[in-house]
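run_14.cif, holding mmCIF, C-alpha atoms:
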```cif
data_work
loop_
_atom_site.label_atom_id
_atom_site.label_comp_id
_atom_site.auth_asym_id
_atom_site.auth_seq_id
_atom_site.Cartn_x
_atom_site.Cartn_y
_atom_site.Cartn_z
CA MET T 1 -17.17 -1.57 -16.83
CA LEU T 2 -14.61 -0.02 -14.49
CA PHE T 3 -14.77 -0.85 -10.82
CA ALA T 4 -15.01 2.22 -8.60
CA GLN T 5 -15.51 0.64 -5.18
CA ILE T 6 -12.98 -1.25 -3.10
CA GLY T 7 -14.07 -3.09 0.02
CA LEU T 8 -11.72 -4.82 2.44
CA SER T 9 -12.54 -6.40 5.76
CA LEU T 10 -10.89 -7.95 8.78
CA PRO T 11 -12.17 -11.31 10.01
CA ALA T 12 -15.07 -11.26 12.46
CA TRP T 13 -13.02 -13.09 15.11
CA ILE T 14 -11.09 -9.90 15.94
CA HIS T 15 -14.16 -8.69 17.85
CA GLN T 16 -14.28 -11.85 19.96
CA GLU T 17 -10.57 -12.40 20.46
CA ILE T 18 -9.07 -8.95 20.91
CA ASP T 19 -9.68 -6.93 24.05
CA SER T 20 -10.04 -3.51 22.51
CA SER T 21 -10.36 -1.78 25.88
CA ALA T 22 -7.10 -3.16 27.33
CA THR T 23 -4.02 -0.99 27.68
CA TYR T 24 -0.79 -2.18 26.10
CA PRO T 25 1.83 -0.40 28.18
CA ASP T 26 5.15 -1.37 26.57
CA ASP T 27 6.84 -2.54 23.37
CA GLU T 28 6.59 -6.20 24.33
CA THR T 29 2.84 -6.26 25.01
CA ARG T 30 2.25 -4.39 21.74
CA VAL T 31 4.27 -6.77 19.61
CA ALA T 32 2.75 -9.71 21.52
CA LEU T 33 -0.68 -8.61 20.30
CA ALA T 34 0.58 -8.39 16.71
CA ILE T 35 1.99 -11.92 17.00
CA THR T 36 -1.26 -13.23 18.48
CA LEU T 37 -3.13 -11.74 15.51
CA ALA T 38 -0.71 -13.44 13.10
CA ARG T 39 -1.05 -16.80 14.83
CA ARG T 40 -4.84 -16.71 15.03
CA ASN T 41 -5.01 -15.69 11.36
CA VAL T 42 -3.18 -18.92 10.50
CA GLU T 43 -5.12 -21.10 12.92
CA LEU T 44 -8.49 -19.79 11.80
CA ARG T 45 -7.44 -19.84 8.12
CA THR T 46 -8.39 -16.25 7.45
CA GLY T 47 -5.16 -15.19 5.72
CA GLY T 48 -1.36 -15.22 5.78
CA PRO T 49 0.89 -15.42 8.88
CA PHE T 50 1.15 -11.71 9.64
CA GLY T 51 -0.45 -9.40 12.19
CA ALA T 52 -0.11 -5.73 13.12
CA ALA T 53 -1.68 -3.21 15.47
CA VAL T 54 -1.76 0.56 15.92
CA PHE T 55 -1.61 2.09 19.40
CA ASN T 56 -1.69 5.65 20.63
CA GLY T 57 0.91 7.08 22.98
CA ASP T 58 -1.10 6.02 26.02
CA GLY T 59 -0.96 2.39 24.91
CA GLN T 60 -4.60 2.27 23.88
CA LEU T 61 -5.41 0.06 20.92
CA VAL T 62 -6.57 2.06 17.90
CA ALA T 63 -6.74 -0.60 15.18
CA VAL T 64 -5.58 -4.07 14.23
CA GLY T 65 -4.68 -5.72 10.93
CA VAL T 66 -4.07 -9.21 9.62
CA ASN T 67 -2.98 -10.38 6.20
CA ARG T 68 -6.01 -10.76 3.92
CA VAL T 69 -4.33 -11.09 0.49
CA VAL T 70 -5.71 -14.45 -0.57
CA PRO T 71 -9.26 -14.31 0.89
CA GLN T 72 -9.83 -10.82 -0.50
CA SER T 73 -7.91 -11.13 -3.79
CA CYS T 74 -5.90 -8.03 -2.96
CA SER T 75 -2.11 -7.81 -2.99
CA VAL T 76 -2.29 -4.62 -0.91
CA ALA T 77 -4.06 -6.31 2.02
CA HIS T 78 -0.96 -6.93 4.16
CA ALA T 79 -1.38 -6.76 7.94
CA GLU T 80 0.33 -3.38 8.30
CA MET T 81 -1.74 -1.83 5.48
CA MET T 82 -4.97 -3.13 6.99
CA ALA T 83 -3.96 -1.70 10.38
CA PHE T 84 -3.07 1.71 8.90
CA MET T 85 -6.29 1.92 6.87
CA SER T 86 -8.47 0.78 9.79
CA ALA T 87 -6.82 3.26 12.15
CA GLN T 88 -7.22 6.14 9.69
CA ALA T 89 -10.86 5.23 9.02
CA ARG T 90 -11.56 5.18 12.76
CA LEU T 91 -9.76 8.47 13.50
CA ARG T 92 -10.92 10.03 10.21
CA ARG T 93 -7.53 11.42 9.31
CA PHE T 94 -4.95 10.26 6.79
CA ARG T 95 -2.00 11.07 9.06
CA LEU T 96 -2.51 9.44 12.44
CA ASN T 97 -0.26 11.78 14.40
CA GLU T 98 -1.26 15.04 12.76
CA THR T 99 -2.95 16.17 15.95
CA GLY T 100 0.36 15.88 17.77
CA SER T 101 -0.55 12.61 19.49
CA ARG T 102 2.03 9.84 19.20
CA HIS T 103 1.11 6.68 17.30
CA ILE T 104 2.88 3.36 17.16
CA LEU T 105 2.74 0.45 14.74
CA ALA T 106 3.61 -2.97 16.12
CA THR T 107 4.07 -5.72 13.56
CA SER T 108 4.75 -9.42 13.91
CA ALA T 109 7.45 -9.31 11.21
CA GLN T 110 9.62 -6.79 9.40
CA PRO T 111 7.54 -4.82 6.88
CA CYS T 112 7.91 -5.74 3.22
CA ALA T 113 8.92 -3.10 0.68
CA MET T 114 5.32 -1.86 0.29
CA CYS T 115 4.50 -1.69 4.00
CA TYR T 116 7.87 -0.05 4.62
CA GLY T 117 7.01 2.71 2.17
CA ALA T 118 3.52 3.07 3.64
CA SER T 119 5.05 3.64 7.09
CA PHE T 120 6.37 7.03 5.98
CA TRP T 121 2.91 8.35 5.10
CA ALA T 122 0.68 6.84 7.80
CA GLY T 123 1.68 9.20 10.59
CA ILE T 124 3.44 6.92 13.05
CA ASP T 125 6.19 7.81 15.51
CA GLU T 126 7.41 4.32 16.32
CA LEU T 127 7.74 1.04 14.47
CA LEU T 128 8.04 -2.08 16.64
CA ILE T 129 9.05 -5.30 14.87
CA GLY T 130 9.02 -8.97 15.89
CA ALA T 131 10.61 -11.34 13.35
CA ARG T 132 13.29 -10.26 10.88
CA ALA T 133 12.91 -10.37 7.10
CA GLU T 134 15.33 -13.31 6.99
CA ASP T 135 13.06 -15.24 9.37
CA VAL T 136 10.13 -14.62 7.04
CA MET T 137 12.07 -15.78 3.98
CA GLU T 138 13.72 -18.73 5.73
CA LEU T 139 10.62 -20.12 7.38
CA SER T 140 7.76 -19.23 5.10
CA GLY T 141 9.23 -18.58 1.66
CA PHE T 142 7.64 -15.15 1.40
CA ASP T 143 9.62 -12.57 -0.55
CA GLU T 144 9.94 -9.26 1.27
CA GLY T 145 11.13 -7.14 -1.66
CA PRO T 146 13.99 -4.63 -1.90
CA LEU T 147 14.58 -1.94 0.74
CA PRO T 148 17.01 0.99 0.79
CA ALA T 149 20.39 -0.06 2.19
CA ASP T 150 19.91 1.98 5.39
CA TRP T 151 16.20 1.32 5.77
CA ILE T 152 16.14 1.94 9.51
CA GLY T 153 18.09 5.17 9.20
CA GLU T 154 15.67 6.44 6.54
CA LEU T 155 12.81 6.00 9.02
CA GLU T 156 14.66 7.46 11.98
CA ARG T 157 15.78 10.52 10.03
CA ARG T 158 12.09 11.23 9.45
CA GLY T 159 11.27 10.95 13.13
CA ILE T 160 10.13 7.31 13.24
CA ARG T 161 11.87 5.34 15.98
CA VAL T 162 12.53 1.70 15.04
CA ARG T 163 13.00 -1.19 17.45
CA ARG T 164 13.26 -4.78 16.20
CA ASP T 165 13.81 -8.34 17.48
CA ILE T 166 11.00 -7.87 20.02
CA LEU T 167 9.79 -11.38 20.98
CA ARG T 168 11.57 -12.56 17.86
CA GLN T 169 11.47 -16.23 18.80
CA THR T 170 7.71 -16.14 19.47
CA ALA T 171 7.21 -14.35 16.18
CA ARG T 172 9.25 -16.98 14.34
CA GLU T 173 7.01 -19.72 15.70
CA VAL T 174 4.09 -18.41 13.66
CA PHE T 175 6.02 -19.19 10.49
CA HIS T 176 6.72 -22.71 11.72
CA LEU T 177 3.00 -23.11 12.32
CA TYR T 178 2.25 -21.74 8.87
CA ARG T 179 4.82 -23.94 7.16
CA ASP T 180 3.36 -27.00 8.86
CA SER T 181 -0.12 -26.05 7.71
CA ASP T 182 -0.90 -25.99 4.00
CA GLY T 183 -0.87 -22.20 3.77
CA SER T 184 -0.38 -20.79 0.31
CA HIS T 185 2.36 -18.25 -0.40
CA TYR T 186 0.25 -15.47 -1.73
CA MET K 1 -14.64 -0.55 19.12
CA LEU K 2 -12.26 -1.77 16.42
CA PHE K 3 -13.06 -1.01 12.82
CA ALA K 4 -13.20 -4.10 10.63
CA GLN K 5 -14.39 -2.63 7.33
CA ILE K 6 -12.46 -0.44 4.93
CA GLY K 7 -14.21 1.19 2.02
CA LEU K 8 -12.49 3.20 -0.70
CA SER K 9 -13.97 4.63 -3.86
CA LEU K 10 -12.99 6.36 -7.07
CA PRO K 11 -14.87 9.51 -8.07
CA ALA K 12 -18.07 9.05 -10.08
CA TRP K 13 -16.67 11.10 -12.98
CA ILE K 14 -14.47 8.20 -14.09
CA HIS K 15 -17.58 6.56 -15.57
CA GLN K 16 -18.42 9.65 -17.62
CA GLU K 17 -14.93 10.69 -18.63
CA ILE K 18 -13.09 7.46 -19.32
CA ASP K 19 -13.86 5.36 -22.36
CA SER K 20 -13.55 1.93 -20.81
CA SER K 21 -14.12 0.15 -24.12
CA ALA K 22 -11.30 1.93 -26.00
CA THR K 23 -8.03 0.18 -26.80
CA TYR K 24 -4.80 1.79 -25.70
CA PRO K 25 -2.28 0.38 -28.15
CA ASP K 26 1.06 1.79 -27.02
CA ASP K 27 3.01 3.19 -24.08
CA GLU K 28 2.15 6.78 -24.97
CA THR K 29 -1.63 6.33 -25.09
CA ARG K 30 -1.49 4.44 -21.81
CA VAL K 31 0.48 7.10 -19.96
CA ALA K 32 -1.67 9.78 -21.60
CA LEU K 33 -4.71 8.25 -19.92
CA ALA K 34 -2.94 8.23 -16.54
CA ILE K 35 -2.05 11.91 -16.99
CA THR K 36 -5.64 12.76 -17.97
CA LEU K 37 -6.85 11.06 -14.79
CA ALA K 38 -4.35 13.09 -12.74
CA ARG K 39 -5.39 16.37 -14.39
CA ARG K 40 -9.12 15.78 -14.02
CA ASN K 41 -8.63 14.78 -10.39
CA VAL K 42 -7.13 18.22 -9.76
CA GLU K 43 -9.67 20.12 -11.87
CA LEU K 44 -12.64 18.37 -10.27
CA ARG K 45 -11.09 18.59 -6.79
CA THR K 46 -11.46 14.92 -6.02
CA GLY K 47 -7.90 14.31 -4.78
CA GLY K 48 -4.19 14.85 -5.39
CA PRO K 49 -2.44 15.31 -8.76
CA PHE K 50 -1.80 11.68 -9.59
CA GLY K 51 -3.44 9.12 -11.91
CA ALA K 52 -2.76 5.55 -12.93
CA ALA K 53 -4.29 2.81 -15.05
CA VAL K 54 -3.93 -0.94 -15.51
CA PHE K 55 -4.08 -2.48 -19.00
CA ASN K 56 -3.85 -6.03 -20.22
CA GLY K 57 -1.46 -7.11 -22.94
CA ASP K 58 -4.02 -6.36 -25.65
CA GLY K 59 -4.18 -2.73 -24.52
CA GLN K 60 -7.63 -3.10 -22.99
CA LEU K 61 -8.29 -0.99 -19.94
CA VAL K 62 -8.73 -3.09 -16.79
CA ALA K 63 -8.86 -0.44 -14.06
CA VAL K 64 -8.04 3.16 -13.23
CA GLY K 65 -6.92 4.95 -10.09
CA VAL K 66 -6.59 8.50 -8.85
CA ASN K 67 -5.20 9.83 -5.62
CA ARG K 68 -7.90 9.83 -2.91
CA VAL K 69 -5.79 10.41 0.23
CA VAL K 70 -7.44 13.58 1.52
CA PRO K 71 -11.11 12.95 0.57
CA GLN K 72 -11.02 9.43 2.00
CA SER K 73 -8.69 10.03 4.98
CA CYS K 74 -6.44 7.21 3.84
CA SER K 75 -2.68 7.50 3.34
CA VAL K 76 -2.73 4.29 1.27
CA ALA K 77 -5.10 5.70 -1.37
CA HIS K 78 -2.46 6.70 -3.91
CA ALA K 79 -3.39 6.43 -7.60
CA GLU K 80 -1.31 3.31 -8.23
CA MET K 81 -2.72 1.53 -5.17
CA MET K 82 -6.29 2.38 -6.19
CA ALA K 83 -5.59 1.05 -9.70
CA PHE K 84 -4.06 -2.18 -8.39
CA MET K 85 -6.89 -2.81 -5.93
CA SER K 86 -9.60 -1.99 -8.49
CA ALA K 87 -8.01 -4.25 -11.09
CA GLN K 88 -7.65 -7.13 -8.63
CA ALA K 89 -11.25 -6.72 -7.43
CA ARG K 90 -12.47 -6.78 -11.03
CA LEU K 91 -10.37 -9.81 -12.05
CA ARG K 92 -10.85 -11.48 -8.66
CA ARG K 93 -7.20 -12.40 -8.25
CA PHE K 94 -4.46 -10.90 -6.11
CA ARG K 95 -1.80 -11.32 -8.77
CA LEU K 96 -2.99 -9.81 -12.04
CA ASN K 97 -0.75 -11.85 -14.34
CA GLU K 98 -1.07 -15.20 -12.58
CA THR K 99 -3.05 -16.56 -15.50
CA GLY K 100 -0.09 -15.86 -17.78
CA SER K 101 -1.65 -12.75 -19.32
CA ARG K 102 0.55 -9.66 -19.38
CA HIS K 103 -0.51 -6.65 -17.34
CA ILE K 104 0.81 -3.11 -17.44
CA LEU K 105 0.64 -0.23 -14.98
CA ALA K 106 0.85 3.26 -16.45
CA THR K 107 1.30 6.07 -13.95
CA SER K 108 1.42 9.84 -14.35
CA ALA K 109 4.47 10.10 -12.07
CA GLN K 110 7.19 7.92 -10.62
CA PRO K 111 5.77 5.73 -7.86
CA CYS K 112 6.53 6.72 -4.27
CA ALA K 113 8.24 4.25 -1.93
CA MET K 114 4.94 2.55 -1.03
CA CYS K 115 3.62 2.23 -4.58
CA TYR K 116 7.05 1.05 -5.70
CA GLY K 117 6.92 -1.78 -3.19
CA ALA K 118 3.34 -2.61 -4.15
CA SER K 119 4.42 -3.01 -7.78
CA PHE K 120 6.32 -6.19 -6.90
CA TRP K 121 3.22 -7.93 -5.54
CA ALA K 122 0.47 -6.76 -7.89
CA GLY K 123 1.35 -9.01 -10.80
CA ILE K 124 2.44 -6.53 -13.48
CA ASP K 125 4.89 -7.07 -16.32
CA GLU K 126 5.52 -3.46 -17.26
CA LEU K 127 5.67 -0.15 -15.44
CA LEU K 128 5.22 2.96 -17.59
CA ILE K 129 6.04 6.31 -15.95
CA GLY K 130 5.37 9.94 -16.93
CA ALA K 131 7.00 12.51 -14.62
CA ARG K 132 10.11 11.83 -12.57
CA ALA K 133 10.27 11.91 -8.77
CA GLU K 134 12.26 15.15 -8.98
CA ASP K 135 9.44 16.74 -11.00
CA VAL K 136 6.99 15.76 -8.28
CA MET K 137 9.16 17.20 -5.51
CA GLU K 138 10.15 20.33 -7.45
CA LEU K 139 6.69 21.28 -8.63
CA SER K 140 4.32 20.04 -5.98
CA GLY K 141 6.34 19.62 -2.78
CA PHE K 142 5.27 16.00 -2.33
CA ASP K 143 7.83 13.73 -0.72
CA GLU K 144 8.33 10.47 -2.60
CA GLY K 145 10.20 8.59 0.12
CA PRO K 146 13.36 6.47 -0.08
CA LEU K 147 13.93 3.85 -2.79
CA PRO K 148 16.69 1.26 -3.22
CA ALA K 149 19.68 2.74 -5.09
CA ASP K 150 19.02 0.63 -8.19
CA TRP K 151 15.23 0.77 -8.02
CA ILE K 152 14.72 0.13 -11.73
CA GLY K 153 17.11 -2.82 -11.74
CA GLU K 154 15.28 -4.37 -8.77
CA LEU K 155 12.07 -4.35 -10.81
CA GLU K 156 13.66 -5.58 -14.02
CA ARG K 157 15.44 -8.44 -12.28
CA ARG K 158 11.99 -9.62 -11.18
CA GLY K 159 10.62 -9.49 -14.71
CA ILE K 160 9.01 -6.05 -14.62
CA ARG K 161 10.07 -3.86 -17.56
CA VAL K 162 10.36 -0.17 -16.69
CA ARG K 163 10.08 2.74 -19.11
CA ARG K 164 10.04 6.33 -17.89
CA ASP K 165 9.93 9.91 -19.19
CA ILE K 166 6.87 9.06 -21.32
CA LEU K 167 5.08 12.37 -22.06
CA ARG K 168 7.13 13.81 -19.20
CA GLN K 169 6.41 17.42 -20.09
CA THR K 170 2.64 16.84 -20.22
CA ALA K 171 2.86 15.02 -16.91
CA ARG K 172 4.78 17.92 -15.36
CA GLU K 173 2.02 20.33 -16.36
CA VAL K 174 -0.38 18.65 -13.94
CA PHE K 175 1.87 19.70 -11.06
CA HIS K 176 1.92 23.28 -12.34
CA LEU K 177 -1.87 23.19 -12.40
CA TYR K 178 -1.93 21.75 -8.89
CA ARG K 179 0.53 24.30 -7.54
CA ASP K 180 -1.53 27.12 -8.99
CA SER K 181 -4.67 25.74 -7.34
CA ASP K 182 -4.88 25.59 -3.57
CA GLY K 183 -4.31 21.85 -3.35
CA SER K 184 -3.14 20.56 -0.01
CA HIS K 185 0.04 18.47 0.30
CA TYR K 186 -1.31 15.48 2.15
#
```
What would the structure in this file look like if it were written as structure tokens?
Amino acid sequence: MLFAQIGLSLPAWIHQEIDSSATYPDDETRVALAITLARRNVELRTGGPFGAAVFNGDGQLVAVGVNRVVPQSCSVAHAEMMAFMSAQARLRRFRLNETGSRHILATSAQPCAMCYGASFWAGIDELLIGARAEDVMELSGFDEGPLPADWIGELERRGIRVRRDILRQTAREVFHLYRDSDGSHY
Amino acid sequence: MLFAQIGLSLPAWIHQEIDSSATYPDDETRVALAITLARRNVELRTGGPFGAAVFNGDGQLVAVGVNRVVPQSCSVAHAEMMAFMSAQARLRRFRLNETGSRHILATSAQPCAMCYGASFWAGIDELLIGARAEDVMELSGFDEGPLPADWIGELERRGIRVRRDILRQTAREVFHLYRDSDGSHY
């Protein structure tokens, strides 16, 4: 019997821990939220050490995501993918910025090959990144997969501004925390 | 209010039209099923012109996927992603081949940048492809996004065999059909 329904969820703690009515005015506060999501996901044992959030151009929070690969048996359930899908479900459109409003993804760590590809289709105007891929590999053992040689240029040529190394040291600490826990490498 | 639930579904016709108990013994029958899914998705107006299917090493069908981007307002809902997520939900594991059993993805057209990245994490041993990326762009206008220069080598070095141009002409016909309909380019 073929399965025809896919259900994914974020942990219930996001409703208690995230202030969805706050404004996140700059790149640092946006990435800080993504890092907080990553850290709480490790501490509360609800998934891997990654967090992401979607904001609109006014700095209002649209959606959040955390890694849910292991608890939901789904290799697609990376933090960035969960944030994109949640944002699109909330706004009821498959391209977040199709109405002309700017949208921003902030992520605690450089997107893997899948999340990188997804960033072209989700309708974002900016990609804000905390830790680098080498931090992820060095500190957690996760494989990030192959990217085009000029991966930032490919995004920027399609109108997606990229800024990285935002709160990089704070972002790296989540991988230390994860390594010191008994987290599995999904 | 943040959304914490994501629900995606395949069209109900898959249960009527797909023989889930059949065996698909070779690369051609597997890609043929993916192309049939793509064609019926266009004809029945349930999404974009793309289909995919996951098989185990015995040629048994594990899961199918069709493009559901527009009807479900989700940029992630490409055929390959739907097939991966459905297969993982059915087998209740995030890496399909973690038990040592071979798994194969057949897709009607070359994976886009996102689906390409997802192929590294889903737990497949073979990737079977119908149409080429240039067929997709030429005939339907869809953008496939940037890939690493040696995208096939990157897969094969990680143990994923790639074979393409399987029933390429039949696969191309789906894009003719789509172009002649009024399908939107999500």
Would you list the contacts of Arg164 in chain T as a JSON list (two decimals) with C-alpha atoms, in the frame of the given file, taking every protein, DNA or RNA residue within 9 Å and counting only C-alpha atoms, but skipping same-chain residues closer than 2 positions in sequence?
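What ended up in part.json:
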```json
[["chain", "number", "residue", "atom", "x", "y", "z"],
["T", 109, "ALA", "CA", 7.45, -9.31, 11.21],
["T", 110, "GLN", "CA", 9.62, -6.79, 9.40],
["T", 127, "LEU", "CA", 7.74, 1.04, 14.47],
["T", 128, "LEU", "CA", 8.04, -2.08, 16.64],
["T", 129, "ILE", "CA", 9.05, -5.30, 14.87],
["T", 130, "GLY", "CA", 9.02, -8.97, 15.89],
["T", 131, "ALA", "CA", 10.61, -11.34, 13.35],
["T", 132, "ARG", "CA", 13.29, -10.26, 10.88],
["T", 162, "VAL", "CA", 12.53, 1.70, 15.04],
["T", 166, "ILE", "CA", 11.00, -7.87, 20.02],
["T", 167, "LEU", "CA", 9.79, -11.38, 20.98],
["T", 168, "ARG", "CA", 11.57, -12.56, 17.86]]
```
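Picture a line from CA of Ile152 in chain K to CA of Asp143 in chain T; it runs 17.7 Å.
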For the atom pair CA of Gly153 in chain K and CA of Pro25 in chain K, what is the interatomic distance in Å to one decimal place?
25.6 Å
Near chain K, meaning an atom within 8 Å, which residues of chain T appear when counting all atoms listed in the file? Write them as a PyMOL selection string.
chain T and resi 1-12+15+20+62-64+69-70+72-76+81+85-90+92-95+112-118+120-122+145-149+154+186
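Note that the spacing between CA of Arg163 in chain K and CA of Asn67 in chain K amounts to 21.6 Å.
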Using only C-alpha atoms, which of the listed residues (T:Asp125, T:Ala34, T:Asp27, T:Val42) sits closest to Leu177 in chain T?
T:Val42
Run the PyMOL selection byres ((chain K and resi 175) around 9) mentally over the shown coordinates, then write out the matched residues as a ChimeraX atom specification, using the chain letters and numbers from the document.
/K:39,49-50,135-136,139-140,171-174,176-180
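Minimum atom-to-atom distances from T:Ala79, T:Ala53, T:Ile124, T:Ala22 to Thr99 in chain T were compared using only C-alpha atoms, and the lowest value belongs to T:Ile124.
Look at Leu37 in chain K: the protein and nucleic acid residues within 7 Å of it, using all atoms listed in the file and passing over chain neighbours fewer than 4 places away, are Leu33, Asn41, Gly51 and Val66 of chain K.
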